[in-house]
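Please read the structure below before turning to the comments.
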Amino acid sequence: MASGNAIRGSRVGAGPMGEAERGESAPRLRISFWCSNGHETQPSFASDAQIPDTWDCPRCGFPAGQNRESPPDPPRTEPYKTHLAYVRERRSDADGEAILAEALAKLRGEI
Ligand SMILES: [Zn+2]
């Protein structure tokens, strides 16, 4: 997954000074991004790097933006569904009631 360290070194050799630009001495900017869940992440960028509009939140995976007041919308696809949600999609309400009634009957010893 994306992390603050993933971009480290991506600009190596890009500076006009060549080797002198390498390593920790290069000036870095820490940019804050907020996702729609209110998580803040602060990846660091080389001072001459292009700052992306959005950054993947490392905590929930939602896109995060630099504007805390209006973070990017979360992705439309749900990250996961519960087992119950799948069951409800596959069965009609009537089926569900029949299954429930049968289960209750078993509990009562009627079957
Ligand atoms: Zn988040």
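The chains in the structure tokens are called A, B, ... from first to last as shown; in each chain the residues are counted from 1, and the ligands are counted from 1 in the order shown.
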
> Near Ile31 in chain A, counting only C-alpha atoms, which residues have an atom at most 9 Å away, once you skip same-chain residues fewer than 6 positions from it, shown as a VMD selection string?
Replying inline: chain A and resid 41 to 45 51 66

> So which residues touch Pro27 in chain A within 9 Å, counting only C-alpha atoms, skipping near sequence neighbours fewer than 4 positions away, as a ChimeraX atom specification?
Replying inline: /A:45-48

> ligand 1: which residues are within 6 Å, counting only C-alpha atoms and all ligand atoms, as an MDAnalysis selection string?
Replying inline: chainID A and resid 35 37 39 57 59:60 62

Please write the residues from the selection above to a file, keeping C-alpha atoms, as a PDB file, in the first residue's frame.
```pdb
ATOM      1  CA  CYS A  35     -10.182  11.557   4.270  1.00  0.00           C
ATOM      2  CA  ASN A  37     -13.594   9.718   7.960  1.00  0.00           C
ATOM      3  CA  HIS A  39      -8.247  10.685   9.420  1.00  0.00           C
ATOM      4  CA  CYS A  57      -5.750   7.185   3.623  1.00  0.00           C
ATOM      5  CA  ARG A  59      -6.077   3.842   7.897  1.00  0.00           C
ATOM      6  CA  CYS A  60      -9.259   3.235   5.905  1.00  0.00           C
ATOM      7  CA  PHE A  62     -10.460   6.170   1.337  1.00  0.00           C
TER       8      PHE A  62
END
```

>> Just to confirm, what's the straight-line distance from CA of Gly96 in chain A to CA of His83 in chain A in Å (one decimal)?
In response: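 CA of His83 in chain A lies at a distance of 14.3 Å from CA of Gly96 in chain A.
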
> Just how far from CA of Gly38 in chain A is CA of Gly65 in chain A, in Å to one decimal?
Replying inline: 10.6 Å

>> Could you pull out the helix (DSSP H, G or I) residues of range 20-106 of chain A, going by DSSP on the backbone, and write them as a PyMOL selection string?
In response: chain A and resi 20-21+83-90+93-106

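Distances to Pro74 in chain A were evaluated for A:Glu102, A:Trp34, A:Ala49, A:Glu89 using only C-alpha atoms, and the minimum falls at A:Trp34.
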
> CA of Arg68 in chain A and CA of Asp56 in chain A, how far apart in Å?
Replying inline: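 The value is 14.3 Å.
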
> So which residues touch Asp73 in chain A within 9 Å, counting only C-alpha atoms, skipping near sequence neighbours fewer than 2 positions away, as a list in words?
Replying inline: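 Counting only C-alpha atoms, the residues come to Cys35, Ser36, Phe62, Pro63, Ala64, Ser70, Pro71, Pro75 and Arg76 of chain A.
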